[in-house]
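Visitor: My structure is stored as target.cif, with mmCIF, C-alpha atoms, pLDDT in the B column; chains and numbers go by the auth columns.
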```
data_coords
#
loop_
_atom_site.group_PDB
_atom_site.id
_atom_site.type_symbol
_atom_site.label_atom_id
_atom_site.label_comp_id
_atom_site.label_asym_id
_atom_site.label_seq_id
_atom_site.Cartn_x
_atom_site.Cartn_y
_atom_site.Cartn_z
_atom_site.B_iso_or_equiv
_atom_site.auth_seq_id
_atom_site.auth_asym_id
ATOM 1 C CA MET A 1 9.910 29.309 23.745 75.00 89 I
ATOM 2 C CA ASN A 2 9.726 25.627 22.835 89.00 90 I
ATOM 3 C CA ASP A 3 12.168 23.319 21.063 91.00 91 I
ATOM 4 C CA ARG A 4 10.313 23.584 17.739 93.00 92 I
ATOM 5 C CA ASP A 5 10.648 27.385 17.772 93.00 93 I
ATOM 6 C CA GLU A 6 14.372 27.026 18.403 93.00 94 I
ATOM 7 C CA GLU A 7 14.685 24.525 15.555 93.00 95 I
ATOM 8 C CA LEU A 8 12.798 26.852 13.201 92.00 96 I
ATOM 9 C CA ARG A 9 15.044 29.777 14.126 93.00 97 I
ATOM 10 C CA GLY A 10 18.043 27.522 13.501 92.00 98 I
ATOM 11 C CA LEU A 11 16.677 26.551 10.075 91.00 99 I
ATOM 12 C CA ASP A 12 16.104 30.209 9.230 90.00 100 I
ATOM 13 C CA ALA A 13 19.667 31.055 10.295 91.00 101 I
ATOM 14 C CA VAL A 14 21.112 28.249 8.157 88.00 102 I
ATOM 15 C CA LEU A 15 19.073 29.368 5.137 86.00 103 I
ATOM 16 C CA ARG A 16 20.210 32.990 5.636 84.00 104 I
ATOM 17 C CA GLU A 17 23.823 31.856 5.843 84.00 105 I
ATOM 18 C CA LEU A 18 23.381 29.721 2.741 80.00 106 I
ATOM 19 C CA ARG A 19 22.034 32.745 0.876 75.00 107 I
ATOM 20 C CA HIS A 20 23.920 35.713 2.269 74.00 108 I
ATOM 21 C CA ALA A 21 27.156 34.668 3.933 73.00 109 I
ATOM 22 C CA ARG A 22 30.276 35.608 2.036 69.00 110 I
ATOM 23 C CA TYR A 23 31.184 31.953 1.582 68.00 111 I
ATOM 24 C CA GLY A 24 27.602 30.691 1.594 70.00 112 I
ATOM 25 C CA LEU A 25 26.494 28.590 -1.331 68.00 113 I
ATOM 26 C CA TYR A 26 24.765 31.563 -2.936 68.00 114 I
ATOM 27 C CA GLY A 27 26.810 34.302 -1.294 69.00 115 I
ATOM 28 C CA PRO A 28 28.669 37.011 -3.208 71.00 116 I
ATOM 29 C CA LEU A 29 31.872 35.076 -3.876 70.00 117 I
ATOM 30 C CA VAL A 30 30.072 32.014 -5.168 71.00 118 I
ATOM 31 C CA ARG A 31 27.591 34.093 -7.200 71.00 119 I
ATOM 32 C CA GLU A 32 30.533 35.621 -9.052 74.00 120 I
ATOM 33 C CA ARG A 33 31.529 32.100 -10.154 74.00 121 I
ATOM 34 C CA PHE A 34 28.052 31.633 -11.658 72.00 122 I
ATOM 35 C CA LEU A 35 28.314 34.929 -13.518 76.00 123 I
ATOM 36 C CA ASP A 36 31.837 34.365 -14.803 76.00 124 I
ATOM 37 C CA GLY A 37 31.632 33.881 -18.541 72.00 125 I
ATOM 38 C CA LEU A 38 28.358 35.759 -18.944 77.00 126 I
ATOM 39 C CA PRO A 39 28.480 39.073 -20.813 80.00 127 I
ATOM 40 C CA ALA A 40 29.768 41.893 -18.598 78.00 128 I
ATOM 41 C CA GLU A 41 26.355 43.582 -18.776 74.00 129 I
ATOM 42 C CA VAL A 42 24.777 40.722 -16.815 82.00 130 I
ATOM 43 C CA THR A 43 24.537 41.760 -13.190 83.00 131 I
ATOM 44 C CA PRO A 44 23.307 39.437 -10.440 83.00 132 I
ATOM 45 C CA THR A 45 19.861 40.964 -10.965 88.00 133 I
ATOM 46 C CA GLY A 46 20.118 40.334 -14.711 90.00 134 I
ATOM 47 C CA TYR A 47 21.050 36.707 -14.041 88.00 135 I
ATOM 48 C CA ARG A 48 18.054 36.388 -11.760 88.00 136 I
ATOM 49 C CA VAL A 49 15.807 37.777 -14.513 94.00 137 I
ATOM 50 C CA LEU A 50 17.279 35.354 -17.057 94.00 138 I
ATOM 51 C CA ARG A 51 16.504 32.442 -14.720 91.00 139 I
ATOM 52 C CA PHE A 52 12.977 33.764 -14.194 94.00 140 I
ATOM 53 C CA VAL A 53 12.375 34.094 -17.938 96.00 141 I
ATOM 54 C CA GLU A 54 13.631 30.544 -18.423 94.00 142 I
ATOM 55 C CA ALA A 55 11.362 29.202 -15.654 92.00 143 I
ATOM 56 C CA SER A 56 8.304 31.175 -16.758 90.00 144 I
ATOM 57 C CA SER A 57 8.119 29.957 -20.330 73.00 145 I
ATOM 58 C CA PRO A 58 5.698 29.241 -21.853 86.00 146 I
ATOM 59 C CA PRO A 59 4.383 31.825 -22.011 91.00 147 I
ATOM 60 C CA PRO A 60 7.312 34.135 -21.400 95.00 148 I
ATOM 61 C CA PRO A 61 6.823 36.774 -18.696 96.00 149 I
ATOM 62 C CA THR A 62 5.912 40.398 -19.246 95.00 150 I
ATOM 63 C CA VAL A 63 7.997 43.294 -17.951 95.00 151 I
ATOM 64 C CA SER A 64 5.359 43.696 -15.226 94.00 152 I
ATOM 65 C CA ASP A 65 5.976 40.077 -14.175 95.00 153 I
ATOM 66 C CA ILE A 66 9.686 40.858 -13.986 96.00 154 I
ATOM 67 C CA ALA A 67 9.009 43.977 -11.903 95.00 155 I
ATOM 68 C CA ALA A 68 7.010 41.819 -9.471 94.00 156 I
ATOM 69 C CA LEU A 69 9.916 39.360 -9.268 91.00 157 I
ATOM 70 C CA LEU A 70 12.335 42.174 -8.478 93.00 158 I
ATOM 71 C CA LEU A 71 9.915 43.790 -6.022 92.00 159 I
ATOM 72 C CA SER A 72 10.466 47.018 -7.903 93.00 160 I
ATOM 73 C CA ASP A 73 8.733 49.377 -10.263 94.00 161 I
ATOM 74 C CA ARG A 74 8.265 48.739 -13.958 94.00 162 I
ATOM 75 C CA ALA A 75 10.903 51.353 -14.874 95.00 163 I
ATOM 76 C CA ARG A 76 13.660 49.391 -13.124 95.00 164 I
ATOM 77 C CA ALA A 77 12.492 46.172 -14.773 96.00 165 I
ATOM 78 C CA VAL A 78 12.586 47.896 -18.170 96.00 166 I
ATOM 79 C CA ARG A 79 16.194 48.992 -17.542 95.00 167 I
ATOM 80 C CA VAL A 80 17.236 45.438 -16.647 95.00 168 I
ATOM 81 C CA VAL A 81 15.443 44.012 -19.707 96.00 169 I
ATOM 82 C CA ASP A 82 16.998 46.716 -21.910 96.00 170 I
ATOM 83 C CA ARG A 83 20.503 45.701 -20.745 94.00 171 I
ATOM 84 C CA LEU A 84 19.774 42.023 -21.355 96.00 172 I
ATOM 85 C CA THR A 85 18.327 42.844 -24.790 96.00 173 I
ATOM 86 C CA ALA A 86 21.416 44.888 -25.693 95.00 174 I
ATOM 87 C CA ALA A 87 23.583 41.933 -24.626 93.00 175 I
ATOM 88 C CA GLY A 88 21.588 39.692 -26.999 95.00 176 I
ATOM 89 C CA LEU A 89 20.264 37.449 -24.201 95.00 177 I
ATOM 90 C CA VAL A 90 16.544 38.279 -24.370 97.00 178 I
ATOM 91 C CA THR A 91 14.137 39.655 -26.900 97.00 179 I
ATOM 92 C CA ARG A 92 10.715 41.257 -26.632 96.00 180 I
ATOM 93 C CA VAL A 93 7.999 39.342 -28.457 95.00 181 I
ATOM 94 C CA ARG A 94 4.290 39.972 -28.999 93.00 182 I
ATOM 95 C CA ASP A 95 1.872 37.794 -27.081 90.00 183 I
ATOM 96 C CA THR A 96 0.253 35.218 -29.355 89.00 184 I
ATOM 97 C CA VAL A 97 -3.225 35.810 -27.902 91.00 185 I
ATOM 98 C CA ASP A 98 -3.243 39.542 -27.127 91.00 186 I
ATOM 99 C CA ARG A 99 -0.981 41.325 -29.612 90.00 187 I
ATOM 100 C CA ARG A 100 -0.883 44.431 -27.363 91.00 188 I
ATOM 101 C CA ILE A 101 1.140 42.530 -24.755 92.00 189 I
ATOM 102 C CA ARG A 102 4.903 42.274 -25.125 93.00 190 I
ATOM 103 C CA ARG A 103 6.692 39.390 -23.466 96.00 191 I
ATOM 104 C CA VAL A 104 10.367 38.842 -22.685 97.00 192 I
ATOM 105 C CA ASP A 105 11.843 35.639 -24.100 97.00 193 I
ATOM 106 C CA LEU A 106 15.323 34.117 -24.043 97.00 194 I
ATOM 107 C CA THR A 107 17.414 34.142 -27.183 97.00 195 I
ATOM 108 C CA ASP A 108 19.545 31.139 -28.106 97.00 196 I
ATOM 109 C CA ALA A 109 22.537 32.997 -26.629 95.00 197 I
ATOM 110 C CA GLY A 110 20.558 33.568 -23.416 94.00 198 I
ATOM 111 C CA ARG A 111 19.754 29.855 -23.197 95.00 199 I
ATOM 112 C CA ARG A 112 23.418 28.958 -23.737 93.00 200 I
ATOM 113 C CA HIS A 113 24.535 31.344 -20.986 90.00 201 I
ATOM 114 C CA ILE A 114 21.920 30.030 -18.546 89.00 202 I
ATOM 115 C CA ALA A 115 23.054 26.465 -19.303 91.00 203 I
ATOM 116 C CA LEU A 116 26.684 27.464 -18.704 87.00 204 I
ATOM 117 C CA ALA A 117 25.822 29.068 -15.354 85.00 205 I
ATOM 118 C CA ALA A 118 23.753 26.011 -14.377 86.00 206 I
ATOM 119 C CA ALA A 119 26.677 23.724 -15.205 88.00 207 I
ATOM 120 C CA ARG A 120 28.938 25.855 -13.011 85.00 208 I
ATOM 121 C CA ARG A 121 26.422 25.726 -10.182 84.00 209 I
ATOM 122 C CA THR A 122 26.133 21.930 -10.488 88.00 210 I
ATOM 123 C CA ARG A 123 29.926 21.575 -10.558 88.00 211 I
ATOM 124 C CA LEU A 124 30.232 23.720 -7.421 85.00 212 I
ATOM 125 C CA LEU A 125 27.589 21.623 -5.669 87.00 213 I
ATOM 126 C CA GLY A 126 29.550 18.536 -6.692 91.00 214 I
ATOM 127 C CA GLU A 127 32.748 19.986 -5.247 89.00 215 I
ATOM 128 C CA ALA A 128 31.025 21.062 -2.038 87.00 216 I
ATOM 129 C CA THR A 129 29.473 17.624 -1.461 92.00 217 I
ATOM 130 C CA ALA A 130 32.268 15.435 -2.861 96.00 218 I
ATOM 131 C CA ASP A 131 32.915 13.836 0.517 97.00 219 I
ATOM 132 C CA TRP A 132 29.210 13.219 1.261 96.00 220 I
ATOM 133 C CA PRO A 133 27.732 9.739 0.912 97.00 221 I
ATOM 134 C CA ASP A 134 25.220 9.483 -1.945 96.00 222 I
ATOM 135 C CA GLU A 135 22.462 8.706 0.562 97.00 223 I
ATOM 136 C CA ASP A 136 23.059 12.012 2.386 97.00 224 I
ATOM 137 C CA LEU A 137 22.935 13.965 -0.856 95.00 225 I
ATOM 138 C CA ALA A 138 19.695 12.219 -1.868 96.00 226 I
ATOM 139 C CA ARG A 139 18.206 12.856 1.579 96.00 227 I
ATOM 140 C CA LEU A 140 19.121 16.559 1.462 94.00 228 I
ATOM 141 C CA THR A 141 17.571 16.873 -1.994 94.00 229 I
ATOM 142 C CA ASP A 142 14.388 15.172 -0.791 96.00 230 I
ATOM 143 C CA PHE A 143 14.169 17.426 2.266 94.00 231 I
ATOM 144 C CA LEU A 144 14.700 20.605 0.240 92.00 232 I
ATOM 145 C CA GLU A 145 12.067 19.557 -2.308 94.00 233 I
ATOM 146 C CA ARG A 146 9.706 18.864 0.565 94.00 234 I
ATOM 147 C CA LEU A 147 10.482 22.260 2.133 93.00 235 I
ATOM 148 C CA ASN A 148 9.861 24.054 -1.202 89.00 236 I
ATOM 149 C CA ALA A 149 6.530 22.261 -1.630 92.00 237 I
ATOM 150 C CA SER A 150 5.482 22.985 1.968 93.00 238 I
ATOM 151 C CA VAL A 151 6.320 26.663 1.706 90.00 239 I
ATOM 152 C CA ALA A 152 4.456 26.924 -1.610 89.00 240 I
ATOM 153 C CA ARG A 153 1.363 25.244 -0.111 91.00 241 I
ATOM 154 C CA HIS A 154 1.220 27.876 2.610 90.00 242 I
ATOM 155 C CA LEU A 155 1.456 30.909 0.348 83.00 243 I
ATOM 156 C CA PRO A 156 -1.702 32.875 -0.449 77.00 244 I
ATOM 157 C CA GLY A 157 -3.178 31.884 -3.793 69.00 245 I
ATOM 158 C CA ALA A 158 -1.264 28.596 -4.061 60.00 246 I
ATOM 159 C CA ASP A 159 -3.253 25.720 -5.477 57.00 247 I
ATOM 160 C CA ALA A 160 -2.516 22.063 -6.001 48.00 248 I
ATOM 161 C CA SER A 161 -1.247 22.622 -9.559 50.00 249 I
ATOM 162 C CA ASP A 162 1.356 25.118 -8.278 49.00 250 I
ATOM 163 C CA VAL A 163 2.759 22.706 -5.715 45.00 251 I
ATOM 164 C CA SER A 164 4.695 19.803 -7.125 44.00 252 I
ATOM 165 C CA GLY A 165 7.522 17.840 -5.612 38.00 253 I
ATOM 166 C CA ALA A 166 9.736 18.819 -8.538 38.00 254 I
ATOM 167 C CA ALA A 167 12.503 21.284 -7.891 38.00 255 I
ATOM 168 C CA ASP A 168 11.508 24.716 -9.115 39.00 256 I
ATOM 169 C CA VAL A 169 13.927 26.910 -11.016 39.00 257 I
ATOM 170 C CA HIS A 170 13.298 29.577 -8.368 38.00 258 I
ATOM 171 C CA ASP A 171 15.895 28.044 -6.102 38.00 259 I
ATOM 172 C CA VAL A 172 17.508 29.497 -3.011 35.00 260 I
ATOM 173 C CA SER A 173 19.675 31.686 -5.224 40.00 261 I
ATOM 174 C CA ASP A 174 16.516 33.515 -6.223 40.00 262 I
ATOM 175 C CA ALA A 175 15.189 33.987 -2.715 36.00 263 I
ATOM 176 C CA THR A 176 16.310 37.539 -2.245 38.00 264 I
ATOM 177 C CA ASP A 177 16.822 40.455 -4.594 39.00 265 I
ATOM 178 C CA VAL A 178 20.392 41.495 -5.177 39.00 266 I
ATOM 179 C CA PRO A 179 21.707 44.925 -6.094 41.00 267 I
ATOM 180 C CA ASP A 180 21.934 45.980 -9.724 41.00 268 I
ATOM 181 C CA GLY A 181 25.737 46.196 -9.673 41.00 269 I
ATOM 182 C CA ARG A 182 28.157 43.300 -9.771 37.00 270 I
#
```
What is this structure when it is put down as structure tokens?

Guide:
Amino acid sequence: MNDRDEELRGLDAVLRELRHARYGLYGPLVRERFLDGLPAEVTPTGYRVLRFVEASSPPPPTVSDIAALLLSDRARAVRVVDRLTAAGLVTRVRDTVDRRIRRVDLTDAGRRHIALAAARRTRLLGEATADWPDEDLARLTDFLERLNASVARHLPGADASDVSGAADVHDVSDATDVPDGR
């Protein structure tokens, strides 16, 4: 094993801790802070779907797209979309080109709730990095953008138009599926 392999395993461990650890940035306790204020019907999976719908538009995704995101069958995706529809956060709309296709779009209430959760996430990041110099925060942001772009370039089917330096809405909080319950 060489030093690079050790460094890569260390990076993987840090990313897992960031995502899964109880007190990790996107761990269960922090995720609850993002969800606080959303309708009770919005589970972590529902929040993930809302973020995906927001990032996918235009055009909005289909239920099949959502099933692919969740790595699940279409029936589970339909149940999640049904709950979000009942909560008034998404609506099903006909595709403008192929009227047989139904897409899932955010309602104004859904957009407001996503904005509220994003503001909470930004505030938490601000609290967590309050004692960091601005240069360190900028450097971390640059490195994470670079990592996202590098990973995207190495995925099957990625092309130059898919890989931009801009931060994608599919952030680390979306890296792994979460259970349906809160």

Visitor: Work out how far apart atom CA of Gly176 of chain I and atom CA of Leu194 of chain I are and give it in Å to one decimal.

Guide: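 Those two atoms sit 8.9 Å apart.
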
Visitor: Work out how far apart atom CA of Thr150 of chain I and atom CA of Val192 of chain I are and give it in Å to one decimal.

Guide: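 It comes out at 5.8 Å.
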
Visitor: Show which residues sit within 12 Å of Arg200 of chain I, as a PyMOL selection string. Count all atoms listed in the file, and ignore same-chain residues fewer than 3 positions away.

Guide: chain I and resi 125-127+138-139+142+176-178+194-197+203-207

Visitor: Store the residues of this selection in a file with C-alpha atoms, as a short mmCIF file (atom, residue, chain, number, x, y, z; two decimals), keeping the file's coordinate frame.

Guide:
```cif
data_model
loop_
_atom_site.label_atom_id
_atom_site.label_comp_id
_atom_site.auth_asym_id
_atom_site.auth_seq_id
_atom_site.Cartn_x
_atom_site.Cartn_y
_atom_site.Cartn_z
CA GLY I 125 31.63 33.88 -18.54
CA LEU I 126 28.36 35.76 -18.94
CA PRO I 127 28.48 39.07 -20.81
CA LEU I 138 17.28 35.35 -17.06
CA ARG I 139 16.50 32.44 -14.72
CA GLU I 142 13.63 30.54 -18.42
CA GLY I 176 21.59 39.69 -27.00
CA LEU I 177 20.26 37.45 -24.20
CA VAL I 178 16.54 38.28 -24.37
CA LEU I 194 15.32 34.12 -24.04
CA THR I 195 17.41 34.14 -27.18
CA ASP I 196 19.55 31.14 -28.11
CA ALA I 197 22.54 33.00 -26.63
CA ALA I 203 23.05 26.46 -19.30
CA LEU I 204 26.68 27.46 -18.70
CA ALA I 205 25.82 29.07 -15.35
CA ALA I 206 23.75 26.01 -14.38
CA ALA I 207 26.68 23.72 -15.20
#
```

Visitor: To one decimal place, how far is atom CA of Arg199 of chain I from atom CA of Pro147 of chain I in Å?

Guide: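 Separating atom CA of Arg199 of chain I from atom CA of Pro147 of chain I is a distance of 15.5 Å.
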
Visitor: Find the residue from I:Asp193, I:Leu213, I:Pro149, I:Arg121 that sits nearest to Thr229 of chain I; use all atoms listed in the file when measuring.

Guide: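 Among the listed residues, the smallest separation from Thr229 of chain I belongs to I:Leu213.
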